[in-house]
Every structure is written in structure tokens, then in C-alpha cells.
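What follows is a set of notes on a single structure, which appears directly below.
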Amino acid sequence: MSVQSLQVKNYDVVVVGAGPGGLTAAIVAGKAGLKTAIVERNAFVAGTINTGLCVHGFEDGNGRRVIGGKSWELISRCVAAGGSVGPTRLIGSHMYSTTPVDMAILQTCAVDMLEEAGVDLWLHTLMTEPVVDHDRLLAVRAWGNSGEFEFRARTFIDATGHADLAYRAGVPTRDGRVGDGAMQPMSLGLTMAPVDLDRMMAAIGAGYGKARKPHTDKEDFVWFTLVFKHWEKELEEIGLRFGKAGACWGNSIYPGIVNLNAVKVIGKDGADTVQLSQAEVQARRTAVLFTRFLRERIPGFEDAHMVRVAPFIGIRETRHIEGLYEISSDDAVQGRIPEDSIALCGYPVDIHDPKDGVAEFQQIANGRFGIPYRTLVPKNIRNLLVSGRGISASDVAFGSLRVMGQCLAFGEACGTATVLAQHEDVDVSELDGRRVREILEREGAMIM
Ligand SMILES: Cc1cc2nc3c(=O)[nH]c(=O)nc-3n(C[C@H](O)[C@H](O)[C@H](O)COP(=O)(O)OP(=O)(O)OC[C@H]3O[C@@H](n4cnc5c(N)ncnc54)[C@H](O)[C@@H]3O)c2cc1C
């Protein structure tokens, strides 16, 4: 196909970014009959989950499920397709449970749901710039192999993670930590196989979760903390520091195959192209050295190879929008649930220190706090919502709500709010979040 001049596409709603924050937004909007597009620069959906992670946050700090609706349907479909073991209770961990998944099966389930909802999925399509008129977004421009597109819509949802769309449309944002702007480190996921998990856990295992893996009939480790304290100096020589506890995390959905979240890059800005490029190069070099270390030093890894490295480095933190309300540290840690909460979060505050990468955890009072609708509504633009990790939150609250279960729930709230606003012919910024909450509770999306 030849490259054409600007191609205009008209929609009711355009979602930019098909990570956890974007997927459910598009599914809910499409299912309700809105003409919906989701624009994604990658060749696949599901965003950062493709770095080899478990989905945290479906259950709160006391083990009560807080998320239902389309987010739960996605995981349930993944379980039924043999691609997840569902929420798994953890022993000796900072969190109550997590949900291990096979990312390829999860992607397929998500695409099925998008198709069933009638959503147009635009892969390999990079949003390049917004078209703004005063306080309204008219369109977003994007590039694909066949040329430049202009996606016009009444409502837009920014699920880019970095709040790229909001930022470029003129919404005020804050980088990283309140005060100095420092950001949590990035990490590159890698997969090793074949690993003898029993020997690995006997040698360096600490916290863990066990479940019956798909296509097997006995329980095995599906999530774990690994402690490398004994090898601190050796690991520092290859550029890895695991901090006071000497720990990193991993998961395994199939026997002998281990995903590791261990290779950190500290002090780089994931929203800066030059620094992001440097981080990718540094992490990929370190990953090769780390896998050699594992083979040579750690029981269970003797025969293992790096069978997969993540397609991109995972970026924990970049911009946070200034929304109509910012969730404070106290709101999160004290477990406040405002009346216009559109999601609950019970994952502990989990901050990887921007300076040394050491992870610190803090539990939430009563196990959960609420995310007000106003945190999804950016200042300055009336027909835009922000979903996923870019919402308006202090660095401490962000340390908790950034996990994927909650990002899925924010997407569901954005989709629901868009449907309500278009039904009533108002902008999403004019909605009373309590009404969005009512619908989410009625639909079983938000579980009190
Ligand atoms: C190293 C690391 C470990 C983590 N561990 C866990 C964990 O174990 N469990 C957990 O639940 N959470 C974990 N998290 C947090 C979680 O993965 C993220 O906070 C979450 O994925 C954010 O979701 P999102 O939808 O906002 O962004 P993303 O998942 O980053 O998705 C954003 C999507 O937008 C697309 N996009 C961006 N810009 C454009 C553009 N201009 N045009 C088109 N598309 C665009 C991207 O390609 C991507 O697909 C971890 C994060 C990191 C980095």
C-alpha cells in the first residue's frame, strides 16, 4: 500500500495506549455502542505486562477482591484459556496475593474482548500530536506504515502511561517525586529456562506463592522473592544492586520457565529519548552478565538460558498529571475512600528508591483506599480523561496505585464516564464522579 496524505478517521472516543489503562476503557466504551478506536504503537496489546509480570491488585491488603467488571472478566477468560492461575495467596510477601499470567494468552483474550465490543484496534500506530482548540481536544495525529492519520472524536482517553497526550495538549504535569522530580528506576524483564525451581527456592527463595500450573496436576512456585545477599559484591561488579534485603522478584506460569524482574537501571528519565535509549542498552548488557552469573552460581540455573528478554525496558514512573484532585500520601496510607471513588486500591505503597533502587513497602490502613474520579480528570482540557499510571497522585500514593489491576480498573472508570458523558451530551470534566461510581458498583466493576 502506498503512503497517503493525511487520512481522517471519525470516532466517538479515541483511546491512546492499549496497556492495562487503555484496554478496559475501550472495551467498556465499545460495548456500550460508542464508535471506539484504540491506538497503540506496539505490535501487541497489554503494555508493560509484556515485560513478564504478574498482575497485582485484584485483592486488597486483607484478601478481599476489589475489582470486578471487564477487568475481572479479562483475567477469568485468561484462566479459562489456561493462561493464568488467578489470584494466588502469597506467603512472606509485602502483598496479600498476585495473579500470574501468560502474557501471550492474556493479549489474545484482550483482543477477543476488543473485537466483541466492536473496537477498532490500530496497532503499529504512534500517536504523534494532539490537535487542540482552547480547552478542547479535537483530534490526535498518528503515524503508521501507510502514512499519517487524524483521529477525531468527542472524547479522548490518554492511556500512554507517560500522560503524553495530556502533556502535549497543555495539561500541567509533575515528573516523579514531589519536591525533586526523581523517578523510580526502570527494570528489564528476562526469562530463563529450564530452571529447577525447587532447587532455586531451596538455595535463594524467600517469599512465595504456590498454585497448580496450567496443564499440570501438582502445586509449584508461581511467584517468589529471591535473595542474593551472599553475592552482593559480585553483582555490584556487573551493575546490579538489590539493596538491604538483597532481593529481586520472579514468577513462573509454566514448569521450569522463570520470569525475573531483577535488572534495574537507576537515575534515568524514561520520558527522555536519549536517556531511555541509554537505559535499554545498559540493561540488555547487564541482563547477559546476570544470566551468566545465575548459571555459574545459583543452584537450579545450571542448565538455563535466557530464552526471552522483554521487548522494552519497564518504566515505573515518569509524568503525573495535575488533575482536579491529587491523591495525597495520607489519603492512600490512611485508607480514605472519598464519595466519588471509582476504584479501590489495596496494594501496599511500593517505592523503588530513585537514588539507590532499594524497594520499601508500606501497608494501607484497613487494607484499601479509594481513587476519586477527579484524579482522572486533567486540568485545562474538558474532553480528556487520563487512565493508567499517569493519573493525578502524589509519589507515595502512586507507589501503590501504579499496579496493573488498578490501571485496568481506572480504564473501566474512564470508559464508563465517557459513555455517561456522551449519553448526557456533556464533557467528561463536568461529570459528578459519584454518578460514575454508582454505575461501576451497579455493574460489579468496583467491589466495596
Ligand atoms: C519493572 C516494572 C515492574 C512492575 N511490576 C509490576 C507487577 O509485578 N505487577 C503489577 O501489577 N504492576 C507492576 N508494575 C506496574 C505496571 O506494570 C504499570 O504501572 C502499568 O502497566 C501501567 O499501565 P498503563 O496502561 O498506564 O501503561 P503501560 O502498561 O505502559 O501501557 C501504555 C501503552 O501505551 C502505549 N503508548 C505509549 N505512547 C504511545 C503513543 N504515543 N502512541 C501509541 N501508543 C502509545 C504503549 O506502547 C503501551 O502499550 C511494574 C512496572 C515496572 C516498570
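Every chain in the C-alpha cells has a letter given in the order shown (A, B, ...), and although residue numbers restart at 1 in each chain, ligands are simply numbered from 1 in the order shown.
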
> Please, which residues have at least one atom within 6 Å of an atom of ligand 1, using only C-alpha atoms and all ligand atoms, listed as a PyMOL selection string?
Replying inline: chain A and resi 16-22+39-42+45-49+53-56+125-128+159-161+186-187+314-316+388-389+402-405+407

Take the residues from that selection and put them in a file with N, CA and C atoms, as a short mmCIF file (atom, residue, chain, number, x, y, z; two decimals), in the first residue's frame.
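Printed below is again-v4.cif as written:
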```cif
data_model
loop_
_atom_site.label_atom_id
_atom_site.label_comp_id
_atom_site.auth_asym_id
_atom_site.auth_seq_id
_atom_site.Cartn_x
_atom_site.Cartn_y
_atom_site.Cartn_z
N VAL A 16 -5.74 6.30 23.53
CA VAL A 16 -4.35 6.21 23.07
C VAL A 16 -3.58 5.37 24.09
N GLY A 17 -3.08 4.21 23.62
CA GLY A 17 -2.36 3.29 24.50
C GLY A 17 -3.21 2.09 24.85
N ALA A 18 -2.73 0.88 24.50
CA ALA A 18 -3.51 -0.34 24.75
C ALA A 18 -2.89 -1.16 25.88
N GLY A 19 -2.32 -0.46 26.87
CA GLY A 19 -1.88 -1.14 28.09
C GLY A 19 -3.07 -1.37 29.00
N PRO A 20 -2.83 -1.80 30.26
CA PRO A 20 -3.94 -2.04 31.18
C PRO A 20 -4.88 -0.84 31.30
N GLY A 21 -4.34 0.37 31.30
CA GLY A 21 -5.18 1.56 31.46
C GLY A 21 -6.05 1.85 30.25
N GLY A 22 -5.66 1.37 29.08
CA GLY A 22 -6.42 1.67 27.87
C GLY A 22 -7.41 0.59 27.48
N VAL A 39 -5.49 3.19 19.86
CA VAL A 39 -4.30 3.44 19.05
C VAL A 39 -3.08 3.01 19.86
N GLU A 40 -2.29 2.09 19.30
CA GLU A 40 -1.18 1.51 20.05
C GLU A 40 0.06 1.44 19.16
N ARG A 41 1.18 1.94 19.70
CA ARG A 41 2.41 1.99 18.88
C ARG A 41 3.08 0.62 18.75
N ASN A 42 2.81 -0.28 19.68
CA ASN A 42 3.43 -1.61 19.64
C ASN A 42 2.70 -2.54 18.67
N VAL A 45 -1.06 -5.74 22.27
CA VAL A 45 -1.71 -5.00 23.35
C VAL A 45 -1.13 -5.44 24.70
N ALA A 46 -1.56 -4.78 25.76
CA ALA A 46 -1.29 -5.12 27.16
C ALA A 46 -0.08 -4.41 27.76
N GLY A 47 0.59 -3.56 27.00
CA GLY A 47 1.60 -2.65 27.56
C GLY A 47 2.67 -3.35 28.38
N THR A 48 2.91 -2.82 29.56
CA THR A 48 4.06 -3.24 30.36
C THR A 48 3.95 -4.68 30.86
N ILE A 49 2.76 -5.27 30.80
CA ILE A 49 2.67 -6.67 31.23
C ILE A 49 3.57 -7.55 30.36
N LEU A 53 5.41 -9.82 33.85
CA LEU A 53 5.00 -9.52 35.23
C LEU A 53 3.71 -10.26 35.60
N CYS A 54 3.43 -10.32 36.90
CA CYS A 54 2.11 -10.77 37.38
C CYS A 54 1.24 -9.54 37.55
N VAL A 55 -0.07 -9.72 37.48
CA VAL A 55 -0.98 -8.59 37.71
C VAL A 55 -1.25 -8.50 39.22
N HIS A 56 -0.80 -7.41 39.82
CA HIS A 56 -1.06 -7.18 41.25
C HIS A 56 -2.36 -6.37 41.40
N THR A 125 0.73 1.97 15.44
CA THR A 125 0.27 3.33 15.15
C THR A 125 0.69 4.24 16.30
N LEU A 126 1.61 5.14 16.00
CA LEU A 126 2.19 6.01 17.03
C LEU A 126 1.49 7.35 17.05
N MET A 127 0.84 7.67 18.19
CA MET A 127 0.24 9.00 18.33
C MET A 127 1.38 10.01 18.36
N THR A 128 1.30 11.02 17.49
CA THR A 128 2.40 11.98 17.42
C THR A 128 2.06 13.33 18.03
N ALA A 159 -4.01 6.86 27.73
CA ALA A 159 -3.54 5.69 28.49
C ALA A 159 -2.12 5.36 28.04
N THR A 160 -1.33 6.40 27.80
CA THR A 160 0.05 6.20 27.31
C THR A 160 1.01 5.85 28.44
N GLY A 161 0.56 5.90 29.67
CA GLY A 161 1.47 5.67 30.81
C GLY A 161 2.19 6.96 31.19
N MET A 186 13.97 2.11 36.27
CA MET A 186 13.38 1.21 35.27
C MET A 186 13.94 -0.20 35.50
N SER A 187 13.28 -1.21 34.96
CA SER A 187 13.81 -2.59 35.03
C SER A 187 13.51 -3.34 33.75
N GLY A 314 10.95 -1.82 31.27
CA GLY A 314 9.76 -1.38 32.01
C GLY A 314 10.04 -0.04 32.69
N ILE A 315 9.14 0.90 32.46
CA ILE A 315 9.31 2.24 33.04
C ILE A 315 8.30 2.40 34.18
N ARG A 316 8.83 2.49 35.40
CA ARG A 316 7.91 2.55 36.55
C ARG A 316 7.21 3.90 36.65
N GLY A 388 -4.62 4.71 33.75
CA GLY A 388 -3.31 4.07 33.99
C GLY A 388 -2.45 4.85 34.96
N ARG A 389 -1.15 4.64 34.84
CA ARG A 389 -0.25 5.15 35.89
C ARG A 389 -0.05 6.66 35.87
N ARG A 402 -0.06 2.25 41.08
CA ARG A 402 0.53 2.06 39.74
C ARG A 402 0.39 0.63 39.22
N VAL A 403 -0.04 -0.31 40.07
CA VAL A 403 -0.06 -1.71 39.63
C VAL A 403 -1.20 -1.97 38.63
N MET A 404 -1.08 -3.11 37.91
CA MET A 404 -1.91 -3.30 36.73
C MET A 404 -3.39 -3.57 37.02
N GLY A 405 -3.68 -4.23 38.14
CA GLY A 405 -5.09 -4.43 38.48
C GLY A 405 -5.81 -3.09 38.57
N CYS A 407 -4.78 -0.18 37.27
CA CYS A 407 -4.81 0.52 35.96
C CYS A 407 -5.98 -0.01 35.11
#
```

>> Residues near Ile105 of chain A, anyone? I mean within 12 Å using only C-alpha atoms, not counting same-chain ones fewer than 4 positions away, as a list of chain:residue names.
In response: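 Here the qualifying residues turn out to be A:Phe44, A:Val45, A:Ala46, A:Ile49, A:Asn50, A:Leu74, A:Ile75, A:Ser76, A:Arg77, A:Cys78, A:Val79, A:Ala80, A:Ala81, A:Gly82, A:Gly83, A:Ser84, A:Pro100, A:Val101, A:Cys109, A:Ala110, A:Val111, A:Asp112, A:Pro214, A:Ile253.
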
Could I get the residues of segment 25-112 of chain A with an atom no further than 9 Å from an atom of segment 355-369 of chain A, each paired with its nearest atom pair and that distance in Å to one decimal, using only C-alpha atoms, sorted by chain and residue number, as a tab-separated table?
```
residue	atom	partner	partner_atom	distance
A:Asp60	CA	A:Gly367	CA	5.7
A:Gly61	CA	A:Gly367	CA	4.2
A:Asn62	CA	A:Gly367	CA	5.6
A:Gly63	CA	A:Gly367	CA	8.5
A:Arg64	CA	A:Gly367	CA	8.9
A:Val66	CA	A:Arg368	CA	8.6
A:His94	CA	A:Phe361	CA	6.7
A:Met95	CA	A:Gln363	CA	8.5
```

Quick one: residues within 12 Å of Val288 of chain A, only C-alpha atoms, excluding same-chain residues fewer than 2 positions away - as a PDB file with C-alpha atoms, in the first residue's frame?
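Output below, filename selection12.pdb:
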```
ATOM      1  CA  LEU A 188      14.267  -5.014  32.152  1.00  0.00           C
ATOM      2  CA  GLY A 189      12.446  -8.340  32.436  1.00  0.00           C
ATOM      3  CA  LEU A 190      14.058 -11.567  31.287  1.00  0.00           C
ATOM      4  CA  THR A 191      13.024 -15.204  31.092  1.00  0.00           C
ATOM      5  CA  MET A 192      15.244 -18.202  31.946  1.00  0.00           C
ATOM      6  CA  ILE A 238      28.044  -6.285  36.870  1.00  0.00           C
ATOM      7  CA  GLY A 239      25.987  -3.220  37.799  1.00  0.00           C
ATOM      8  CA  VAL A 263      17.866  -5.846  36.112  1.00  0.00           C
ATOM      9  CA  VAL A 281      21.479  -0.599  26.130  1.00  0.00           C
ATOM     10  CA  GLN A 282      22.772  -0.730  29.707  1.00  0.00           C
ATOM     11  CA  ALA A 283      20.007  -3.101  30.858  1.00  0.00           C
ATOM     12  CA  ARG A 284      20.467  -5.509  27.945  1.00  0.00           C
ATOM     13  CA  ARG A 285      24.209  -5.744  28.630  1.00  0.00           C
ATOM     14  CA  THR A 286      23.606  -6.326  32.322  1.00  0.00           C
ATOM     15  CA  PHE A 290      23.330 -11.616  35.095  1.00  0.00           C
ATOM     16  CA  THR A 291      22.200 -14.763  33.304  1.00  0.00           C
ATOM     17  CA  ARG A 292      25.829 -15.942  33.188  1.00  0.00           C
ATOM     18  CA  PHE A 293      26.068 -15.260  36.945  1.00  0.00           C
ATOM     19  CA  LEU A 294      22.901 -17.277  37.570  1.00  0.00           C
ATOM     20  CA  ARG A 295      24.180 -20.254  35.580  1.00  0.00           C
ATOM     21  CA  HIS A 305      19.447 -19.944  29.144  1.00  0.00           C
ATOM     22  CA  MET A 306      17.892 -16.548  28.639  1.00  0.00           C
ATOM     23  CA  VAL A 307      15.083 -17.666  26.349  1.00  0.00           C
ATOM     24  CA  ARG A 308      13.422 -14.266  26.193  1.00  0.00           C
ATOM     25  CA  VAL A 309      14.257 -10.681  27.011  1.00  0.00           C
TER      26      VAL A 309
END
```

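Those residues that approach Leu114 of chain A to within 8 Å, counting only C-alpha atoms, are Leu23, Ala26, Ile27, Gly30, Ala110, Val111, Ala117, Gly118, Val119, Asp120 and Leu121 of chain A; same-chain residues fewer than 3 positions away are not listed.
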
Writing out the chosen residues with C-alpha atoms as an mmCIF file, in the first residue's frame:
```
data_model
loop_
_atom_site.group_PDB
_atom_site.id
_atom_site.type_symbol
_atom_site.label_atom_id
_atom_site.label_comp_id
_atom_site.auth_asym_id
_atom_site.auth_seq_id
_atom_site.Cartn_x
_atom_site.Cartn_y
_atom_site.Cartn_z
ATOM 1 C CA LEU A 23 -7.828 -1.799 27.208
ATOM 2 C CA ALA A 26 -12.022 0.882 25.012
ATOM 3 C CA ILE A 27 -13.897 -2.346 25.816
ATOM 4 C CA GLY A 30 -17.264 -0.049 22.562
ATOM 5 C CA ALA A 110 -7.928 -8.841 25.478
ATOM 6 C CA VAL A 111 -8.075 -8.688 21.681
ATOM 7 C CA ALA A 117 -17.025 -4.792 21.729
ATOM 8 C CA GLY A 118 -16.633 -3.592 18.133
ATOM 9 C CA VAL A 119 -13.486 -1.566 18.907
ATOM 10 C CA ASP A 120 -11.130 -0.696 16.030
ATOM 11 C CA LEU A 121 -7.627 -1.739 17.066
#
```

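When only C-alpha atoms are used to measure the gap to Ser387 of chain A, the shortest distance among A:Asp272, A:Glu430, A:Asp164, A:Glu438 belongs to A:Asp164.
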
>> Measuring between only C-alpha atoms, which one of A:Ile342, A:Val265, A:Val377, A:Ile351 shows the shortest distance to Ala287 of chain A?
In response: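 The shortest atom-to-atom distance to Ala287 of chain A comes from A:Val265.
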